[in-house]
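To start, the structure under review is shown below, and the notes come after it.
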Amino acid sequence: GENVEQHPSTLSVQEGDSAVIKCTYSDSASNYFPWYKQELGKGPQLIIDIRSNVGEKKDQRIAVTLNKTAKHFSLHITETQPEDSAVYFCAASKGLNTGTASKLTFGTGTRLQVTL
Amino acid sequence: KAGVTQTPRYLIKTRGQQVTLSCSPISGHRSVSWYQQTPGQGLQFLFEYFSETQRNKGNFPGRFSGRQFSNSRSEMNVSTLELGDSALYLCASSLIGRGEKNTGELFFGEGSRLTVL
């Protein structure tokens with residue numbers, strides 16, 4: 001089955017700096033790569049996603065890149081703010097075109113701490 | 001628009017007992033998925049229901065089961081509880097489409113935290 005590795009497990013940055021989280025996946029059939037943010041006591045929330053036919057996607061301070069050949073995808077957060085502090089999860093799915101994208105394989109998570 | 005509602009939020013059970021968790025999806029969402037979250041194993045897919053039918057299943061033993069009702073509300077059941085079943089159980093709902101119409105976004109509830117003693 002699919003395996004998703006995520007690094008680093010913890011990341012501490014100063015406010016205003018950039019943060020990068022990297023993931024690799026094993027199943028070349030995967031076609032959907034979302035990133036979720038989980039704050040304490042809450043369920044994960046989608047912050048950005050990318051499909052396999054796109055190499056890069058940006059939404060304000062957040063961007064995701066995908067390298068299908070290397071099976072890598074990364075989350076980039078620029079101008080970090082204290083409210084960005086949370087646990088971030090990458091995930092992969094191969095069911096997007098069949099309507100079964102709900103079966104996600106998650107990475108192990110990155111705890112991001114943004115310090116003042 | 002109300003979000004995904006899970007009940008109960010917290011519960012404590014003893015080994016050997018069984019538990020039922022409930023999930024009300026966002027109005028209009030017909031797909032409901034369940035995930036188990038633990039510090040050791042992370043987020044793991046349990047199963048997905050769509051139109052009262054189980055569409056996908058993860059690698060969990062048969063003690064874990066679920067169902068979906070005609071109003072899309074879902075329940076999951078764990079029988080013969082073990083200490084290792086202690087976890088946060090997350091329910092997520094989503095719109096389902098095909099191709100570009102399938103956004104893929106899962107809307108998670110806040111979870112039901114189960115402690116098995």
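Letters A, B, ... go to the chains of the structure tokens in the order shown; residues in each chain start at 1; ligands are counted from 1 in the same order.
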
Helix (DSSP H, G or I) residues, from DSSP on the backbone, in chain A, as a ChimeraX atom specification: /A:82-84,96-98

Write out the residues from the selection above, keeping all heavy atoms, as an mmCIF file, in the first residue's frame.
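File written: out_37.cif
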```cif
data_model
loop_
_atom_site.group_PDB
_atom_site.id
_atom_site.type_symbol
_atom_site.label_atom_id
_atom_site.label_comp_id
_atom_site.auth_asym_id
_atom_site.auth_seq_id
_atom_site.Cartn_x
_atom_site.Cartn_y
_atom_site.Cartn_z
ATOM 1 N N PRO A 82 2.526 33.849 14.276
ATOM 2 C CA PRO A 82 2.274 32.962 15.424
ATOM 3 C C PRO A 82 1.073 32.046 15.223
ATOM 4 O O PRO A 82 1.092 30.886 15.669
ATOM 5 C CB PRO A 82 2.046 33.947 16.570
ATOM 6 C CG PRO A 82 2.843 35.143 16.179
ATOM 7 C CD PRO A 82 2.708 35.240 14.682
ATOM 8 N N GLU A 83 0.064 32.515 14.522
ATOM 9 C CA GLU A 83 -1.127 31.685 14.298
ATOM 10 C C GLU A 83 -0.884 30.538 13.323
ATOM 11 O O GLU A 83 -1.752 29.671 13.137
ATOM 12 C CB GLU A 83 -2.304 32.537 13.816
ATOM 13 C CG GLU A 83 -1.996 33.435 12.643
ATOM 14 C CD GLU A 83 -1.627 34.839 13.088
ATOM 15 O OE1 GLU A 83 -0.902 34.995 14.115
ATOM 16 O OE2 GLU A 83 -2.038 35.799 12.390
ATOM 17 N N ASP A 84 0.295 30.509 12.712
ATOM 18 C CA ASP A 84 0.655 29.358 11.871
ATOM 19 C C ASP A 84 1.118 28.178 12.722
ATOM 20 O O ASP A 84 1.265 27.061 12.201
ATOM 21 C CB ASP A 84 1.770 29.735 10.888
ATOM 22 C CG ASP A 84 1.334 30.752 9.844
ATOM 23 O OD1 ASP A 84 0.130 30.771 9.496
ATOM 24 O OD2 ASP A 84 2.183 31.545 9.393
ATOM 25 N N LEU A 96 -8.778 10.293 -6.674
ATOM 26 C CA LEU A 96 -9.440 11.543 -7.025
ATOM 27 C C LEU A 96 -10.335 11.391 -8.250
ATOM 28 O O LEU A 96 -11.451 11.891 -8.285
ATOM 29 C CB LEU A 96 -8.406 12.640 -7.274
ATOM 30 C CG LEU A 96 -8.984 14.044 -7.402
ATOM 31 C CD1 LEU A 96 -9.653 14.459 -6.102
ATOM 32 C CD2 LEU A 96 -7.902 15.032 -7.763
ATOM 33 N N ASN A 97 -9.887 10.677 -9.261
ATOM 34 C CA ASN A 97 -10.668 10.571 -10.485
ATOM 35 C C ASN A 97 -11.761 9.523 -10.405
ATOM 36 O O ASN A 97 -12.586 9.400 -11.303
ATOM 37 C CB ASN A 97 -9.744 10.266 -11.668
ATOM 38 C CG ASN A 97 -8.802 11.416 -11.955
ATOM 39 O OD1 ASN A 97 -9.172 12.578 -11.787
ATOM 40 N ND2 ASN A 97 -7.588 11.103 -12.349
ATOM 41 N N THR A 98 -11.766 8.757 -9.350
ATOM 42 C CA THR A 98 -12.800 7.730 -9.177
ATOM 43 C C THR A 98 -13.748 8.093 -8.041
ATOM 44 O O THR A 98 -14.572 7.296 -7.645
ATOM 45 C CB THR A 98 -12.169 6.362 -8.878
ATOM 46 O OG1 THR A 98 -11.361 6.482 -7.692
ATOM 47 C CG2 THR A 98 -11.305 5.912 -10.034
#
```

Compute the set of chain A residues within 12 Å of chain B, using only C-alpha atoms, and express it as a ChimeraX atom specification. /A:1-6,9,31-53,87-110

Distance of CA of Thr20 in chain B from CA of Ser79 in chain B, expressed in Å to one decimal place: 8.7 Å

Give me the residues within 6 Å of range 75-77 of chain A as a JSON list (two decimals) with all heavy atoms, in the first residue's frame, counting only C-alpha atoms and dropping any in the same chain fewer than 3 places off.
```json
[["chain", "number", "residue", "atom", "x", "y", "z"],
["A", 18, "SER", "N", 10.50, 31.82, 6.68],
["A", 18, "SER", "CA", 9.78, 30.82, 5.90],
["A", 18, "SER", "C", 9.91, 29.45, 6.53],
["A", 18, "SER", "O", 10.88, 29.17, 7.26],
["A", 18, "SER", "CB", 10.33, 30.78, 4.47],
["A", 18, "SER", "OG", 10.10, 31.98, 3.80],
["A", 19, "ALA", "N", 8.94, 28.60, 6.27],
["A", 19, "ALA", "CA", 8.96, 27.22, 6.75],
["A", 19, "ALA", "C", 8.72, 26.29, 5.58],
["A", 19, "ALA", "O", 7.87, 26.57, 4.73],
["A", 19, "ALA", "CB", 7.90, 27.01, 7.82],
["A", 20, "VAL", "N", 9.46, 25.19, 5.54],
["A", 20, "VAL", "CA", 9.31, 24.21, 4.48],
["A", 20, "VAL", "C", 9.16, 22.82, 5.08],
["A", 20, "VAL", "O", 9.95, 22.42, 5.94],
["A", 20, "VAL", "CB", 10.52, 24.21, 3.52],
["A", 20, "VAL", "CG1", 10.32, 23.15, 2.42],
["A", 20, "VAL", "CG2", 10.72, 25.58, 2.91],
["A", 21, "ILE", "N", 8.15, 22.11, 4.66],
["A", 21, "ILE", "CA", 7.91, 20.74, 5.11],
["A", 21, "ILE", "C", 7.89, 19.85, 3.87],
["A", 21, "ILE", "O", 7.26, 20.19, 2.88],
["A", 21, "ILE", "CB", 6.58, 20.63, 5.87],
["A", 21, "ILE", "CG1", 6.56, 21.59, 7.06],
["A", 21, "ILE", "CG2", 6.34, 19.19, 6.34],
["A", 21, "ILE", "CD1", 5.20, 21.73, 7.74],
["A", 61, "ARG", "N", 0.17, 33.15, 1.34],
["A", 61, "ARG", "CA", 1.49, 32.84, 1.92],
["A", 61, "ARG", "C", 1.85, 31.35, 1.82],
["A", 61, "ARG", "O", 2.92, 30.94, 2.24],
["A", 61, "ARG", "CB", 1.51, 33.27, 3.38],
["A", 61, "ARG", "CG", 1.35, 34.76, 3.60],
["A", 61, "ARG", "CD", 1.55, 35.12, 5.08],
["A", 61, "ARG", "NE", 0.54, 34.50, 5.94],
["A", 61, "ARG", "CZ", 0.79, 33.50, 6.78],
["A", 61, "ARG", "NH1", 2.00, 32.99, 6.88],
["A", 61, "ARG", "NH2", -0.18, 33.01, 7.53],
["A", 62, "ILE", "N", 0.95, 30.56, 1.30],
["A", 62, "ILE", "CA", 1.16, 29.10, 1.27],
["A", 62, "ILE", "C", 1.32, 28.62, -0.16],
["A", 62, "ILE", "O", 0.58, 29.05, -1.05],
["A", 62, "ILE", "CB", -0.02, 28.38, 1.93],
["A", 62, "ILE", "CG1", -0.10, 28.76, 3.41],
["A", 62, "ILE", "CG2", 0.10, 26.87, 1.79],
["A", 62, "ILE", "CD1", -1.33, 28.22, 4.11],
["A", 63, "ALA", "N", 2.28, 27.74, -0.37],
["A", 63, "ALA", "CA", 2.49, 27.16, -1.69],
["A", 63, "ALA", "C", 2.83, 25.69, -1.54],
["A", 63, "ALA", "O", 3.39, 25.26, -0.52],
["A", 63, "ALA", "CB", 3.61, 27.88, -2.43],
["A", 64, "VAL", "N", 2.49, 24.93, -2.54],
["A", 64, "VAL", "CA", 2.83, 23.51, -2.56],
["A", 64, "VAL", "C", 3.47, 23.19, -3.92],
["A", 64, "VAL", "O", 3.03, 23.70, -4.94],
["A", 64, "VAL", "CB", 1.60, 22.62, -2.29],
["A", 64, "VAL", "CG1", 0.51, 22.87, -3.30],
["A", 64, "VAL", "CG2", 1.97, 21.15, -2.26]]
```

I want to know what sits within 12 Å of Val19 in chain B, based on only C-alpha atoms, with residues of the same chain fewer than 5 positions away left out; could you give that as a list in words?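 Within the cut-off, the hits are Thr7, Pro8, Tyr10, Leu11, Ile12, Lys13, Thr14, Arg63, Phe64, Ser65, Gly66, Glu75, Met76, Asn77, Val78, Ser79, Thr80, Leu81, Glu82, Asp85, Ser86, Tyr89, Ser112, Arg113, Leu114, Thr115 and Val116 of chain B.
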
With N, CA and C atoms kept, could you save the residues just selected as a PDB file, in the first residue's frame?
```
ATOM      1  N   THR B   7     -20.296  12.877  18.329  1.00  0.00           N
ATOM      2  CA  THR B   7     -20.657  12.629  19.725  1.00  0.00           C
ATOM      3  C   THR B   7     -20.380  11.184  20.088  1.00  0.00           C
ATOM      4  N   PRO B   8     -20.007  10.918  21.348  1.00  0.00           N
ATOM      5  CA  PRO B   8     -19.645  11.914  22.352  1.00  0.00           C
ATOM      6  C   PRO B   8     -18.243  12.459  22.108  1.00  0.00           C
ATOM      7  N   TYR B  10     -15.873  12.840  24.511  1.00  0.00           N
ATOM      8  CA  TYR B  10     -14.951  12.084  25.361  1.00  0.00           C
ATOM      9  C   TYR B  10     -15.695  10.893  25.961  1.00  0.00           C
ATOM     10  N   LEU B  11     -15.003   9.776  26.058  1.00  0.00           N
ATOM     11  CA  LEU B  11     -15.592   8.631  26.732  1.00  0.00           C
ATOM     12  C   LEU B  11     -14.498   7.700  27.242  1.00  0.00           C
ATOM     13  N   ILE B  12     -14.831   7.037  28.338  1.00  0.00           N
ATOM     14  CA  ILE B  12     -13.911   6.085  28.956  1.00  0.00           C
ATOM     15  C   ILE B  12     -14.604   4.738  29.030  1.00  0.00           C
ATOM     16  N   LYS B  13     -13.905   3.727  28.553  1.00  0.00           N
ATOM     17  CA  LYS B  13     -14.438   2.365  28.567  1.00  0.00           C
ATOM     18  C   LYS B  13     -13.386   1.438  29.171  1.00  0.00           C
ATOM     19  N   THR B  14     -13.793   0.240  29.499  1.00  0.00           N
ATOM     20  CA  THR B  14     -12.851  -0.769  29.977  1.00  0.00           C
ATOM     21  C   THR B  14     -12.678  -1.847  28.921  1.00  0.00           C
ATOM     22  N   ARG B  63     -13.240  -6.031  14.368  1.00  0.00           N
ATOM     23  CA  ARG B  63     -13.884  -5.435  15.555  1.00  0.00           C
ATOM     24  C   ARG B  63     -14.349  -4.001  15.275  1.00  0.00           C
ATOM     25  N   PHE B  64     -13.769  -3.414  14.259  1.00  0.00           N
ATOM     26  CA  PHE B  64     -14.140  -2.058  13.874  1.00  0.00           C
ATOM     27  C   PHE B  64     -15.167  -2.137  12.734  1.00  0.00           C
ATOM     28  N   SER B  65     -16.296  -1.548  12.950  1.00  0.00           N
ATOM     29  CA  SER B  65     -17.338  -1.591  11.931  1.00  0.00           C
ATOM     30  C   SER B  65     -18.055  -0.247  11.886  1.00  0.00           C
ATOM     31  N   GLY B  66     -18.814  -0.051  10.860  1.00  0.00           N
ATOM     32  CA  GLY B  66     -19.531   1.202  10.742  1.00  0.00           C
ATOM     33  C   GLY B  66     -20.791   1.020   9.939  1.00  0.00           C
ATOM     34  N   GLU B  75     -22.330   6.006  12.020  1.00  0.00           N
ATOM     35  CA  GLU B  75     -21.860   5.505  13.304  1.00  0.00           C
ATOM     36  C   GLU B  75     -20.725   4.528  13.073  1.00  0.00           C
ATOM     37  N   MET B  76     -19.808   4.501  14.014  1.00  0.00           N
ATOM     38  CA  MET B  76     -18.813   3.439  13.999  1.00  0.00           C
ATOM     39  C   MET B  76     -18.832   2.729  15.340  1.00  0.00           C
ATOM     40  N   ASN B  77     -18.546   1.463  15.295  1.00  0.00           N
ATOM     41  CA  ASN B  77     -18.606   0.619  16.475  1.00  0.00           C
ATOM     42  C   ASN B  77     -17.288  -0.125  16.640  1.00  0.00           C
ATOM     43  N   VAL B  78     -16.827  -0.182  17.858  1.00  0.00           N
ATOM     44  CA  VAL B  78     -15.658  -1.006  18.154  1.00  0.00           C
ATOM     45  C   VAL B  78     -16.069  -1.997  19.228  1.00  0.00           C
ATOM     46  N   SER B  79     -15.939  -3.262  18.945  1.00  0.00           N
ATOM     47  CA  SER B  79     -16.321  -4.288  19.908  1.00  0.00           C
ATOM     48  C   SER B  79     -15.077  -4.834  20.596  1.00  0.00           C
ATOM     49  N   THR B  80     -15.291  -5.476  21.706  1.00  0.00           N
ATOM     50  CA  THR B  80     -14.220  -6.107  22.480  1.00  0.00           C
ATOM     51  C   THR B  80     -12.995  -5.190  22.564  1.00  0.00           C
ATOM     52  N   LEU B  81     -13.195  -4.052  23.171  1.00  0.00           N
ATOM     53  CA  LEU B  81     -12.157  -3.018  23.232  1.00  0.00           C
ATOM     54  C   LEU B  81     -10.854  -3.526  23.831  1.00  0.00           C
ATOM     55  N   GLU B  82      -9.755  -3.046  23.236  1.00  0.00           N
ATOM     56  CA  GLU B  82      -8.411  -3.327  23.729  1.00  0.00           C
ATOM     57  C   GLU B  82      -7.755  -2.009  24.130  1.00  0.00           C
ATOM     58  N   ASP B  85      -6.863   0.500  21.523  1.00  0.00           N
ATOM     59  CA  ASP B  85      -7.915   1.217  20.793  1.00  0.00           C
ATOM     60  C   ASP B  85      -8.077   2.639  21.308  1.00  0.00           C
ATOM     61  N   SER B  86      -7.370   2.964  22.380  1.00  0.00           N
ATOM     62  CA  SER B  86      -7.413   4.337  22.900  1.00  0.00           C
ATOM     63  C   SER B  86      -6.889   5.280  21.831  1.00  0.00           C
ATOM     64  N   TYR B  89     -10.898   9.457  17.518  1.00  0.00           N
ATOM     65  CA  TYR B  89     -11.571   8.968  16.319  1.00  0.00           C
ATOM     66  C   TYR B  89     -12.204  10.161  15.607  1.00  0.00           C
ATOM     67  N   SER B 112     -13.878  12.164  18.609  1.00  0.00           N
ATOM     68  CA  SER B 112     -14.314  11.529  19.856  1.00  0.00           C
ATOM     69  C   SER B 112     -13.084  10.886  20.468  1.00  0.00           C
ATOM     70  N   ARG B 113     -12.740  11.337  21.669  1.00  0.00           N
ATOM     71  CA  ARG B 113     -11.545  10.790  22.309  1.00  0.00           C
ATOM     72  C   ARG B 113     -11.931   9.627  23.194  1.00  0.00           C
ATOM     73  N   LEU B 114     -11.473   8.445  22.821  1.00  0.00           N
ATOM     74  CA  LEU B 114     -11.779   7.211  23.542  1.00  0.00           C
ATOM     75  C   LEU B 114     -10.587   6.785  24.377  1.00  0.00           C
ATOM     76  N   THR B 115     -10.836   6.551  25.638  1.00  0.00           N
ATOM     77  CA  THR B 115      -9.815   6.007  26.529  1.00  0.00           C
ATOM     78  C   THR B 115     -10.279   4.633  26.994  1.00  0.00           C
ATOM     79  N   VAL B 116      -9.435   3.632  26.797  1.00  0.00           N
ATOM     80  CA  VAL B 116      -9.749   2.270  27.223  1.00  0.00           C
ATOM     81  C   VAL B 116      -8.859   1.912  28.407  1.00  0.00           C
TER      82      VAL B 116
END
```

Mind listing the strand (DSSP E or B) residues of chain A, per DSSP on the backbone, as JSON, numbers by chain? {"A": [4, 5, 6, 7, 10, 11, 12, 13, 14, 19, 20, 21, 22, 23, 24, 25, 32, 33, 34, 35, 36, 37, 38, 45, 46, 47, 48, 49, 50, 51, 56, 57, 58, 59, 62, 63, 64, 65, 66, 67, 72, 73, 74, 75, 76, 77, 86, 87, 88, 89, 90, 91, 92, 93, 105, 106, 110, 111, 112, 113, 114, 115]}

Pick out the residues sitting within 10 Å of Asn67 in chain A, and hand them over as number ranges by chain; count only C-alpha atoms, and ignore anything fewer than 2 positions along from it in its own chain. A: 24, 52, 54-56, 65, 69-74

Find the residues near Thr80 in chain A: any atom within 6 Å, counting only C-alpha atoms, skip ones fewer than 2 places away on the same chain, and give them as an MDAnalysis selection string. chainID A and resid 15:17 78

Computed interatomic separation between CA of Gln6 in chain B and CA of Ser22 in chain B (Å):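 Computed distance, CA of Gln6 in chain B to CA of Ser22 in chain B, equals 5.7 Å.
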
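Restricting the calculation to only C-alpha atoms, the smallest distance between Val13 in chain A and any of A:Leu66, A:Lys58, A:Tyr25, A:Gln81 is found for A:Gln81.
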